[in-house]
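File shown here: input.json, holding JSON, C-alpha atoms and all ligand atoms.
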[["chain", "number", "residue", "atom", "x", "y", "z"],
["A", 17, "MET", "CA", 45.57, 158.28, 41.17],
["A", 18, "ILE", "CA", 46.43, 156.44, 44.39],
["A", 19, "GLU", "CA", 46.22, 152.66, 44.40],
["A", 20, "ILE", "CA", 45.31, 150.86, 47.62],
["A", 21, "LYS", "CA", 47.44, 147.74, 47.40],
["A", 22, "PRO", "CA", 47.66, 144.89, 49.94],
["A", 23, "SER", "CA", 49.96, 145.85, 52.82],
["A", 24, "ILE", "CA", 53.02, 143.79, 53.68],
["A", 25, "VAL", "CA", 53.55, 141.64, 56.78],
["A", 26, "GLU", "CA", 56.89, 141.94, 58.59],
["A", 27, "ASP", "CA", 58.56, 140.11, 61.46],
["A", 28, "PHE", "CA", 59.07, 142.38, 64.45],
["A", 29, "THR", "CA", 60.86, 141.47, 67.67],
["A", 30, "PHE", "CA", 59.92, 143.41, 70.77],
["A", 31, "ARG", "CA", 61.06, 142.63, 74.30],
["A", 32, "GLY", "CA", 62.31, 139.25, 73.12],
["A", 33, "ARG", "CA", 59.07, 138.18, 71.53],
["A", 34, "ARG", "CA", 58.33, 137.78, 67.83],
["A", 35, "PHE", "CA", 55.34, 139.52, 66.31],
["A", 36, "TYR", "CA", 53.97, 139.78, 62.80],
["A", 37, "LEU", "CA", 53.30, 143.37, 61.83],
["A", 38, "LYS", "CA", 50.65, 144.12, 59.24],
["A", 39, "ARG", "CA", 52.01, 147.37, 57.85],
["A", 40, "ASP", "CA", 48.84, 149.25, 56.93],
["A", 41, "ASP", "CA", 50.82, 152.40, 57.73],
["A", 42, "LEU", "CA", 52.76, 151.80, 54.50],
["A", 43, "ILE", "CA", 49.77, 151.52, 52.13],
["A", 44, "HIS", "CA", 50.46, 154.95, 50.64],
["A", 45, "PRO", "CA", 52.10, 158.11, 52.08],
["A", 46, "LEU", "CA", 48.92, 160.14, 51.49],
["A", 47, "PHE", "CA", 46.24, 157.56, 52.20],
["A", 48, "SER", "CA", 47.17, 154.95, 54.77],
["A", 49, "GLY", "CA", 46.39, 153.28, 58.05],
["A", 50, "ASN", "CA", 42.97, 152.19, 59.13],
["A", 51, "LYS", "CA", 41.43, 155.38, 57.74],
["A", 52, "ALA", "CA", 42.44, 154.20, 54.26],
["A", 53, "ARG", "CA", 40.63, 150.94, 55.02],
["A", 54, "LYS", "CA", 37.58, 152.70, 56.44],
["A", 55, "PHE", "CA", 37.27, 155.09, 53.50],
["A", 56, "HIS", "CA", 38.21, 152.54, 50.81],
["A", 57, "TYR", "CA", 34.51, 152.29, 49.96],
["A", 58, "PHE", "CA", 34.36, 155.95, 48.90],
["A", 59, "PHE", "CA", 37.66, 155.63, 47.15],
["A", 60, "ASP", "CA", 36.22, 152.98, 44.82],
["A", 61, "LYS", "CA", 32.82, 154.65, 44.48],
["A", 62, "ASP", "CA", 31.76, 157.20, 41.90],
["A", 63, "LEU", "CA", 31.23, 160.35, 43.95],
["A", 64, "THR", "CA", 30.52, 162.73, 41.07],
["A", 65, "SER", "CA", 26.95, 163.32, 42.27],
["A", 66, "TYR", "CA", 28.40, 164.96, 45.39],
["A", 67, "GLN", "CA", 29.74, 168.46, 45.75],
["A", 68, "LYS", "CA", 31.26, 168.20, 49.21],
["A", 69, "ILE", "CA", 32.26, 165.94, 52.07],
["A", 70, "ILE", "CA", 31.25, 167.03, 55.58],
["A", 71, "SER", "CA", 32.69, 165.62, 58.77],
["A", 72, "HIS", "CA", 33.64, 166.56, 62.32],
["A", 73, "GLY", "CA", 35.96, 165.68, 65.19],
["A", 74, "SER", "CA", 39.22, 166.88, 66.72],
["A", 75, "SER", "CA", 41.66, 169.24, 65.03],
["A", 76, "GLN", "CA", 44.38, 166.56, 65.04],
["A", 77, "SER", "CA", 42.31, 163.64, 63.81],
["A", 78, "ASN", "CA", 43.79, 161.15, 61.37],
["A", 79, "ALA", "CA", 40.32, 160.76, 59.83],
["A", 80, "MET", "CA", 40.25, 164.51, 59.09],
["A", 81, "PHE", "CA", 43.51, 164.29, 57.15],
["A", 82, "SER", "CA", 42.45, 161.16, 55.23],
["A", 83, "LEU", "CA", 39.11, 162.74, 54.28],
["A", 84, "SER", "CA", 40.90, 165.90, 53.06],
["A", 85, "GLN", "CA", 42.99, 163.63, 50.87],
["A", 86, "LEU", "CA", 39.92, 161.78, 49.60],
["A", 87, "ALA", "CA", 38.15, 165.07, 48.84],
["A", 88, "LYS", "CA", 41.16, 166.33, 46.93],
["A", 89, "LEU", "CA", 41.43, 163.16, 44.86],
["A", 90, "LYS", "CA", 37.72, 163.17, 44.11],
["A", 91, "LYS", "CA", 37.70, 166.94, 43.43],
["A", 92, "LEU", "CA", 35.15, 167.63, 46.15],
["A", 93, "GLU", "CA", 34.99, 170.38, 48.75],
["A", 94, "PHE", "CA", 35.63, 169.37, 52.35],
["A", 95, "ASP", "CA", 33.97, 171.06, 55.34],
["A", 96, "TYR", "CA", 35.21, 170.00, 58.77],
["A", 97, "TYR", "CA", 33.71, 171.01, 62.12],
["A", 98, "CYS", "CA", 35.71, 171.13, 65.35],
["A", 99, "SER", "CA", 33.78, 171.70, 68.56],
["A", 100, "HIS", "CA", 36.81, 173.59, 69.85],
["A", 101, "LEU", "CA", 39.79, 174.97, 67.94],
["A", 102, "SER", "CA", 42.47, 176.45, 70.18],
["A", 103, "SER", "CA", 44.08, 179.69, 69.09],
["A", 104, "TYR", "CA", 47.44, 177.89, 69.36],
["A", 105, "VAL", "CA", 46.42, 175.34, 66.71],
["A", 106, "ARG", "CA", 44.86, 178.06, 64.55],
["A", 107, "ASP", "CA", 48.01, 180.19, 64.68],
["A", 108, "ASN", "CA", 50.53, 177.33, 64.48],
["A", 109, "PRO", "CA", 49.12, 174.68, 62.12],
["A", 110, "HIS", "CA", 51.07, 171.42, 62.12],
["A", 111, "GLY", "CA", 50.61, 167.68, 61.59],
["A", 112, "ASN", "CA", 47.25, 166.46, 60.33],
["A", 113, "TYR", "CA", 45.68, 169.91, 60.60],
["A", 114, "LYS", "CA", 48.35, 171.62, 58.53],
["A", 115, "MET", "CA", 48.22, 168.95, 55.83],
["A", 116, "ALA", "CA", 44.41, 168.96, 55.71],
["A", 117, "LEU", "CA", 44.41, 172.76, 55.25],
["A", 118, "LYS", "CA", 46.91, 172.32, 52.44],
["A", 119, "ASN", "CA", 44.47, 169.93, 50.81],
["A", 120, "GLY", "CA", 41.85, 172.68, 50.85],
["A", 121, "MET", "CA", 39.85, 171.80, 53.96],
["A", 122, "ASN", "CA", 37.38, 174.44, 55.14],
["A", 123, "ILE", "CA", 37.52, 174.51, 58.92],
["A", 124, "TYR", "CA", 34.61, 175.59, 61.13],
["A", 125, "GLU", "CA", 34.45, 175.88, 64.89],
["A", 126, "GLY", "CA", 31.23, 174.44, 66.30],
["A", 127, "GLU", "CA", 28.86, 171.53, 65.86],
["A", 128, "PRO", "CA", 28.27, 170.00, 62.40],
["A", 129, "PRO", "CA", 24.92, 170.53, 60.60],
["A", 130, "GLN", "CA", 22.14, 168.01, 61.28],
["A", 131, "ILE", "CA", 20.54, 167.98, 57.83],
["A", 132, "PHE", "CA", 22.32, 167.46, 54.52],
["A", 133, "LYS", "CA", 21.55, 168.11, 50.88],
["A", 134, "ASP", "CA", 21.63, 165.28, 48.35],
["A", 135, "ASN", "CA", 25.00, 166.49, 47.09],
["A", 136, "GLU", "CA", 26.58, 166.54, 50.55],
["A", 137, "LEU", "CA", 28.29, 163.42, 51.84],
["A", 138, "PHE", "CA", 28.35, 163.25, 55.64],
["A", 139, "VAL", "CA", 30.99, 161.07, 57.30],
["A", 140, "PRO", "CA", 30.56, 160.43, 61.06],
["A", 141, "GLU", "CA", 33.42, 161.23, 63.44],
["A", 142, "GLY", "CA", 36.32, 158.79, 63.17],
["A", 143, "GLY", "CA", 34.67, 156.85, 60.34],
["A", 144, "TYR", "CA", 32.30, 155.02, 62.70],
["A", 145, "PHE", "CA", 29.84, 153.79, 60.07],
["A", 146, "LYS", "CA", 28.82, 150.68, 58.20],
["A", 147, "GLU", "CA", 30.50, 151.72, 54.94],
["A", 148, "ALA", "CA", 33.82, 151.05, 56.72],
["A", 149, "GLU", "CA", 33.22, 147.29, 56.48],
["A", 150, "TYR", "CA", 33.99, 147.28, 52.75],
["A", 151, "GLY", "CA", 37.68, 148.16, 53.21],
["A", 152, "ILE", "CA", 38.16, 146.28, 56.47],
["A", 153, "LYS", "CA", 36.82, 143.13, 54.81],
["A", 154, "ILE", "CA", 39.58, 143.53, 52.22],
["A", 155, "LEU", "CA", 42.07, 143.71, 55.12],
["A", 156, "ALA", "CA", 40.55, 140.52, 56.60],
["A", 157, "ASN", "CA", 40.91, 138.76, 53.25],
["A", 158, "GLU", "CA", 44.57, 139.79, 53.02],
["A", 159, "ILE", "CA", 45.19, 138.35, 56.48],
["A", 160, "GLU", "CA", 43.44, 135.06, 55.66],
["A", 161, "GLN", "CA", 45.46, 134.76, 52.48],
["A", 162, "TRP", "CA", 48.71, 135.38, 54.38],
["A", 163, "VAL", "CA", 47.80, 132.78, 57.02],
["A", 164, "LYS", "CA", 47.09, 130.25, 54.28],
["A", 165, "ASP", "CA", 50.22, 131.02, 52.27],
["A", 166, "ASN", "CA", 52.45, 130.81, 55.34],
["A", 167, "SER", "CA", 50.61, 128.02, 57.20],
["A", 168, "LYS", "CA", 50.45, 130.04, 60.43],
["A", 169, "LYS", "CA", 48.17, 130.11, 63.41],
["A", 170, "ILE", "CA", 47.79, 133.63, 64.73],
["A", 171, "ASP", "CA", 45.80, 135.89, 67.02],
["A", 172, "ILE", "CA", 45.22, 139.49, 65.96],
["A", 173, "PHE", "CA", 45.72, 142.52, 68.14],
["A", 174, "LEU", "CA", 44.97, 146.18, 67.44],
["A", 175, "PRO", "CA", 44.09, 149.13, 69.71],
["A", 176, "SER", "CA", 40.62, 150.69, 69.32],
["A", 177, "GLY", "CA", 39.13, 154.15, 69.22],
["A", 178, "THR", "CA", 35.56, 153.76, 68.01],
["A", 179, "GLY", "CA", 36.18, 150.01, 67.62],
["A", 180, "THR", "CA", 35.06, 150.03, 63.97],
["A", 181, "THR", "CA", 38.23, 148.42, 62.64],
["A", 182, "ALA", "CA", 38.46, 145.69, 65.31],
["A", 183, "LEU", "CA", 34.74, 144.89, 65.02],
["A", 184, "TYR", "CA", 34.65, 144.51, 61.25],
["A", 185, "LEU", "CA", 37.90, 142.55, 61.30],
["A", 186, "GLN", "CA", 36.46, 140.01, 63.75],
["A", 187, "LYS", "CA", 33.18, 139.87, 61.83],
["A", 188, "ASN", "CA", 35.07, 138.95, 58.66],
["A", 189, "LEU", "CA", 37.65, 136.57, 60.19],
["A", 190, "LYS", "CA", 35.88, 133.34, 60.99],
["A", 191, "ASP", "CA", 38.74, 131.25, 62.41],
["A", 192, "ILE", "CA", 41.00, 133.94, 63.86],
["A", 193, "LYS", "CA", 40.50, 135.70, 67.18],
["A", 194, "VAL", "CA", 40.74, 139.49, 67.31],
["A", 195, "TYR", "CA", 41.85, 141.16, 70.55],
["A", 196, "THR", "CA", 41.73, 144.87, 71.27],
["A", 197, "THR", "CA", 41.86, 147.47, 74.02],
["A", 198, "CYS", "CA", 39.95, 150.71, 74.44],
["A", 199, "CYS", "CA", 41.88, 153.97, 74.03],
["A", 200, "VAL", "CA", 39.07, 156.51, 73.88],
["A", 201, "GLY", "CA", 36.41, 155.56, 76.46],
["A", 202, "ASP", "CA", 36.32, 152.59, 78.84],
["A", 203, "SER", "CA", 35.43, 149.02, 77.87],
["A", 204, "GLU", "CA", 31.73, 149.74, 78.45],
["A", 205, "TYR", "CA", 31.89, 152.50, 75.85],
["A", 206, "LEU", "CA", 33.70, 150.21, 73.41],
["A", 207, "LYS", "CA", 31.17, 147.42, 73.92],
["A", 208, "LYS", "CA", 28.37, 149.88, 73.10],
["A", 209, "GLU", "CA", 30.21, 150.96, 69.98],
["A", 210, "PHE", "CA", 30.48, 147.31, 68.88],
["A", 211, "PHE", "CA", 26.75, 146.80, 69.41],
["A", 212, "GLY", "CA", 26.03, 149.94, 67.40],
["A", 213, "LEU", "CA", 27.59, 148.27, 64.35],
["A", 214, "CYS", "CA", 26.80, 144.60, 65.01],
["A", 215, "GLY", "CA", 24.12, 143.16, 67.29],
["A", 216, "ASP", "CA", 25.65, 139.67, 67.36],
["A", 217, "GLU", "CA", 27.96, 139.60, 70.38],
["A", 218, "LEU", "CA", 29.61, 136.39, 69.15],
["A", 219, "GLN", "CA", 31.15, 138.44, 66.35],
["A", 220, "HIS", "CA", 32.65, 141.03, 68.72],
["A", 221, "PRO", "CA", 36.41, 141.20, 69.40],
["A", 222, "ILE", "CA", 37.78, 140.40, 72.85],
["A", 223, "ILE", "CA", 38.54, 143.50, 74.93],
["A", 224, "LEU", "CA", 41.67, 143.41, 77.12],
["A", 225, "ASN", "CA", 42.08, 145.93, 79.92],
["A", 226, "THR", "CA", 44.96, 147.44, 81.85],
["A", 227, "PRO", "CA", 44.94, 147.94, 85.66],
["A", 228, "LYS", "CA", 45.58, 151.65, 85.13],
["A", 229, "LYS", "CA", 43.02, 153.89, 83.39],
["A", 230, "TYR", "CA", 44.32, 156.11, 80.63],
["A", 231, "HIS", "CA", 42.54, 159.14, 79.19],
["A", 232, "PHE", "CA", 42.65, 159.73, 75.46],
["A", 233, "ALA", "CA", 45.25, 162.24, 74.21],
["A", 234, "LYS", "CA", 46.66, 162.82, 77.70],
["A", 235, "LEU", "CA", 50.41, 162.49, 78.22],
["A", 236, "TYR", "CA", 51.80, 159.50, 80.14],
["A", 237, "LYS", "CA", 55.47, 158.92, 80.78],
["A", 238, "GLU", "CA", 55.08, 155.17, 80.12],
["A", 239, "PHE", "CA", 53.47, 155.94, 76.72],
["A", 240, "TYR", "CA", 56.43, 158.11, 75.73],
["A", 241, "GLU", "CA", 58.89, 155.46, 76.97],
["A", 242, "ILE", "CA", 57.29, 152.58, 75.04],
["A", 243, "TYR", "CA", 56.95, 154.76, 71.91],
["A", 244, "LYS", "CA", 60.71, 155.39, 72.03],
["A", 245, "GLU", "CA", 61.49, 151.73, 72.79],
["A", 246, "LEU", "CA", 59.39, 150.59, 69.80],
["A", 247, "LYS", "CA", 61.15, 153.12, 67.59],
["A", 248, "ILE", "CA", 64.55, 151.80, 68.68],
["A", 249, "ALA", "CA", 63.26, 148.28, 67.92],
["A", 250, "GLY", "CA", 62.77, 149.53, 64.35],
["A", 251, "VAL", "CA", 59.22, 150.81, 63.85],
["A", 252, "GLU", "CA", 57.54, 154.13, 64.58],
["A", 253, "PHE", "CA", 54.00, 153.82, 65.91],
["A", 254, "ASP", "CA", 51.29, 156.36, 66.56],
["A", 255, "MET", "CA", 51.38, 158.03, 70.01],
["A", 256, "LEU", "CA", 47.65, 158.11, 70.80],
["A", 257, "TYR", "CA", 46.58, 154.48, 70.40],
["A", 258, "ASP", "CA", 49.62, 152.24, 70.03],
["A", 259, "PRO", "CA", 51.34, 152.94, 73.39],
["A", 260, "LYS", "CA", 48.21, 151.71, 75.18],
["A", 261, "GLY", "CA", 48.10, 148.81, 72.71],
["A", 262, "TRP", "CA", 51.65, 147.62, 73.40],
["A", 263, "ILE", "CA", 51.31, 148.12, 77.17],
["A", 264, "THR", "CA", 48.14, 145.99, 77.10],
["A", 265, "LEU", "CA", 49.89, 143.29, 75.06],
["A", 266, "ASP", "CA", 52.78, 143.23, 77.50],
["A", 267, "ILE", "CA", 50.45, 142.80, 80.48],
["A", 268, "HIS", "CA", 48.49, 140.00, 78.78],
["A", 269, "LYS", "CA", 51.43, 138.38, 76.97],
["A", 270, "ASN", "CA", 50.83, 134.97, 78.51],
["A", 271, "SER", "CA", 47.15, 134.76, 77.59],
["A", 272, "PHE", "CA", 47.70, 134.26, 73.86],
["A", 273, "GLN", "CA", 47.87, 130.76, 72.42],
["A", 274, "ASN", "CA", 49.32, 131.72, 69.08],
["A", 275, "ASP", "CA", 51.79, 134.21, 67.66],
["A", 276, "ILE", "CA", 50.34, 137.68, 67.48],
["A", 277, "MET", "CA", 49.78, 139.73, 64.37],
["A", 278, "TYR", "CA", 49.70, 143.42, 65.32],
["A", 279, "ILE", "CA", 47.91, 145.71, 62.90],
["A", 280, "HIS", "CA", 49.90, 148.92, 62.40],
["A", 281, "GLN", "CA", 47.06, 151.38, 61.75],
["A", 282, "GLY", "CA", 49.16, 154.38, 60.75],
["A", 283, "GLY", "CA", 48.69, 157.82, 62.28],
["A", 284, "ILE", "CA", 52.35, 158.88, 62.29],
["A", 285, "LEU", "CA", 51.53, 162.35, 60.94],
["A", 286, "GLY", "CA", 49.71, 163.06, 64.21],
["A", 287, "ASN", "CA", 52.90, 162.34, 66.16],
["A", 288, "ILE", "CA", 54.35, 165.77, 65.30],
["A", 289, "THR", "CA", 51.85, 167.38, 67.66],
["A", 290, "MET", "CA", 52.20, 164.73, 70.37],
["A", 291, "LEU", "CA", 56.01, 164.77, 70.24],
["A", 292, "LYS", "CA", 56.03, 168.54, 70.75],
["A", 293, "ARG", "CA", 53.84, 168.12, 73.82],
["A", 294, "TYR", "CA", 55.90, 165.25, 75.21],
["A", 295, "GLU", "CA", 59.21, 167.01, 74.65],
["A", 296, "ARG", "CA", 57.93, 170.11, 76.41],
["A", 297, "LYS", "CA", 56.82, 168.00, 79.37],
["A", 298, "TYR", "CA", 59.60, 165.46, 79.82],
["A", 299, "ASN", "CA", 62.83, 166.70, 78.17],
["B", 301, "LIG", "C1", 41.57, 156.02, 63.93],
["B", 301, "LIG", "C2", 42.70, 155.24, 64.51],
["B", 301, "LIG", "C3", 42.50, 154.20, 65.44],
["B", 301, "LIG", "C4", 41.13, 153.82, 65.95],
["B", 301, "LIG", "O1", 40.37, 153.14, 64.99],
["B", 301, "LIG", "P1", 38.87, 152.69, 65.30],
["B", 301, "LIG", "O2", 38.43, 151.97, 64.09],
["B", 301, "LIG", "O3", 38.08, 153.94, 65.55],
["B", 301, "LIG", "O4", 38.89, 151.83, 66.52],
["B", 301, "LIG", "C5", 43.62, 153.51, 65.92],
["B", 301, "LIG", "N1", 44.87, 153.83, 65.52],
["B", 301, "LIG", "C6", 45.10, 154.82, 64.64],
["B", 301, "LIG", "C7", 46.50, 155.12, 64.26],
["B", 301, "LIG", "C8", 44.03, 155.55, 64.11],
["B", 301, "LIG", "O5", 44.28, 156.54, 63.23]]
Using the file provided, produce a representation of the structure as structure tokens.
Ligand SMILES: *Cc1c(COP(=O)(O)O)cnc(C)c1O
Amino acid sequence: MIEIKPSIVEDFTFRGRRFYLKRDDLIHPLFSGNKARKFHYFFDKDLTSYQKIISHGSSQSNAMFSLSQLAKLKKLEFDYYCSHLSSYVRDNPHGNYKMALKNGMNIYEGEPPQIFKDNELFVPEGGYFKEAEYGIKILANEIEQWVKDNSKKIDIFLPSGTGTTALYLQKNLKDIKVYTTCCVGDSEYLKKEFFGLCGDELQHPIILNTPKKYHFAKLYKEFYEIYKELKIAGVEFDMLYDPKGWITLDIHKNSFQNDIMYIHQGGILGNITMLKRYERKYN
């Protein structure tokens, strides 16, 4: 059985500035990052009344891999729907997709069902749901404990997809400010996502923007460059969210009053696919 233990906090120096890194990527090799936090609720829950987990999203999603792992641990079937599955991915499985298949995932091309039986557990795309608060509250408690033990004043930063992690962190951290940036849609989209989970705007994180617009999962030379620079500085980060995160931090570096704690949300397994694409384009 996997144990979800508190993640460590490390010092990390990048471009001459000190950060604290909350290493959620190191929680466990098979169940880590913010998906481990989002699905912690199911991890602790008795799921024996269910026969299968059903979800949907992209064929390289970190949530897909984490759910395949959860299903395996809980001895459930796992059906996953991709609106589009390229023949390249189908014929050359790698990264999250390959590992999820290994865990017994049943893959379907098309839209997910709309109605579910009592023994089917549906998980929305990317883990955008209220059950995610359970595990993210545990993360918030770990951070508060660390701040107390080390007598620090910090601001938190993490990049967002659906915004679930940033939102529930801010909601559960009373005296610490949470900053984020949007990686999937624009800030209007992210704001809507926040409201979908919490109607009280005072509990929403602060969204920071970049002058340039980036589209999710597209390749940008500056993303590849900062990914490599971070790796040389000592830590590998995900290539979909974190490059935008660090670029945003760099642009806004003078607007923070305190030291920054950056939440490392995992996702390294997905880099295999992205690295192949980047190497083909830029090397
Ligand atoms: C899923 C994921 C995100 C986005 O998390 P949200 O809670 O949807 O904002 C960010 N980084 C990594 C590495 C992820 O896997």
Using all atoms listed in the file, find the one residue out of A:Asn274, A:Thr226, A:Ser176, A:Ser84 that sits nearest to ligand LIG 301 (chain B).
A:Ser176
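Closest to ligand LIG 301 (chain B) among A:Ala182, A:Leu42, A:Leu117, A:Ile154 is A:Ala182, based on only C-alpha atoms and all ligand atoms.
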Find the residues around Asp134 (chain A) up to 12 Å (all atoms listed in the file counted), leave out those fewer than 6 positions away in its own chain, and share them as a count of residues only.
7
Env. residues ligand LIG 301 (chain B) / 10 Å / all atoms listed in the file / as an MDAnalysis selection string
chainID A and resid 40:41 48:54 77:82 141:145 148 152 174:185 196:200 206 209:210 253:258 261 279:287
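Using all atoms listed in the file, the protein and nucleic acid residues lying no more than 10 Å from Pro22 (chain A), apart from those fewer than 3 places from it along its own chain, are A:Glu19, A:Val25, A:Lys38, A:Arg39, A:Asp40, A:Leu42, A:Ile43, A:Ile154, A:Leu155, A:Asn157, A:Glu158, A:Ile159.
With all atoms listed in the file as the basis for measurement, A:Gly111 is the residue among A:His220, A:Gly111, A:Ser203, A:Phe28 that approaches Leu291 (chain A) most closely.
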Within 9 Å of (37.0, 158.1, 81.6) in the file's own coordinates, which protein, DNA or RNA residues have an atom, counting all atoms listed in the file? List them as a ChimeraX atom specification.
/A:200-202,229-232
If I take CA of Lys153 (chain A) and CA of Asn188 (chain A), how far is one from the other in Å, to one decimal?
5.9 Å
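For the residues A:Gln219, A:Lys133, A:Ser99, A:Leu86, ranking by smallest atom-to-atom distance to Asn119 (chain A) using all atoms listed in the file places A:Leu86 first.
When all atoms listed in the file are used to compute distances to Gly151 (chain A), the closest of the residues A:Pro259, A:Phe59, A:Thr29, A:Asn299 turns out to be A:Phe59.
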From A:Ile192, A:Leu246, A:Ile131, A:Leu46, residue lying nearest Ile172 (chain A) [all atoms listed in the file]:
A:Ile192
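Note that the spacing between CA of Glu26 (chain A) and CA of Phe173 (chain A) amounts to 14.7 Å.
For the pair CA of Lys146 (chain A) and CA of Phe55 (chain A), the separation is 10.6 Å.
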Could you pull the residues within 8 Å of Ile222 (chain A), counting all atoms listed in the file, minus those fewer than 5 positions along the same chain, as a count of residues only?
4
Find the smallest box with edges along x, y and z containing every listed atom of region 166-175 of chain A, then add 5 Å on each side and report centre and edge lengths in Å to one decimal, as JSON.
{"center_x": 48.3, "center_y": 138.6, "center_z": 62.5, "size_x": 18.4, "size_y": 31.1, "size_z": 24.4}
Could I get region 264-280 of chain A from the block written as a CSV table (one decimal), in the first residue's frame, with N, CA and C atoms?
chain,number,residue,atom,x,y,z
A,264,THR,N,6.4,33.7,-15.4
A,264,THR,CA,5.5,34.7,-14.7
A,264,THR,C,6.2,35.2,-13.4
A,265,LEU,N,6.8,34.3,-12.6
A,265,LEU,CA,7.5,34.7,-11.4
A,265,LEU,C,8.6,35.7,-11.7
A,266,ASP,N,9.3,35.4,-12.8
A,266,ASP,CA,10.4,36.3,-13.1
A,266,ASP,C,9.9,37.7,-13.5
A,267,ILE,N,8.9,37.8,-14.2
A,267,ILE,CA,8.3,39.1,-14.7
A,267,ILE,C,7.8,39.8,-13.4
A,268,HIS,N,7.2,39.1,-12.5
A,268,HIS,CA,6.6,39.8,-11.3
A,268,HIS,C,7.5,39.8,-10.1
A,269,LYS,N,8.8,39.5,-10.3
A,269,LYS,CA,9.6,39.2,-9.1
A,269,LYS,C,9.7,40.3,-8.1
A,270,ASN,N,9.4,41.5,-8.5
A,270,ASN,CA,9.5,42.7,-7.5
A,270,ASN,C,8.1,43.0,-6.8
A,271,SER,N,7.1,42.2,-7.2
A,271,SER,CA,5.8,42.5,-6.5
A,271,SER,C,5.5,41.6,-5.3
A,272,PHE,N,6.5,40.8,-4.9
A,272,PHE,CA,6.2,40.0,-3.7
A,272,PHE,C,6.9,40.6,-2.5
A,273,GLN,N,6.2,40.6,-1.4
A,273,GLN,CA,6.7,41.2,-0.2
A,273,GLN,C,7.6,40.2,0.6
A,274,ASN,N,7.3,38.9,0.4
A,274,ASN,CA,7.9,37.9,1.2
A,274,ASN,C,8.7,36.9,0.3
A,275,ASP,N,9.4,36.0,0.9
A,275,ASP,CA,10.0,34.9,0.2
A,275,ASP,C,8.9,34.1,-0.4
A,276,ILE,N,9.2,33.4,-1.5
A,276,ILE,CA,8.2,32.7,-2.2
A,276,ILE,C,8.4,31.2,-2.0
A,277,MET,N,7.3,30.5,-1.7
A,277,MET,CA,7.3,29.1,-1.7
A,277,MET,C,6.6,28.6,-3.0
A,278,TYR,N,7.3,27.9,-3.8
A,278,TYR,CA,6.8,27.4,-5.1
A,278,TYR,C,6.4,25.9,-4.8
A,279,ILE,N,5.2,25.6,-5.2
A,279,ILE,CA,4.7,24.2,-5.1
A,279,ILE,C,5.1,23.4,-6.3
A,280,HIS,N,5.9,22.5,-6.1
A,280,HIS,CA,6.3,21.6,-7.3
A,280,HIS,C,5.2,20.5,-7.4
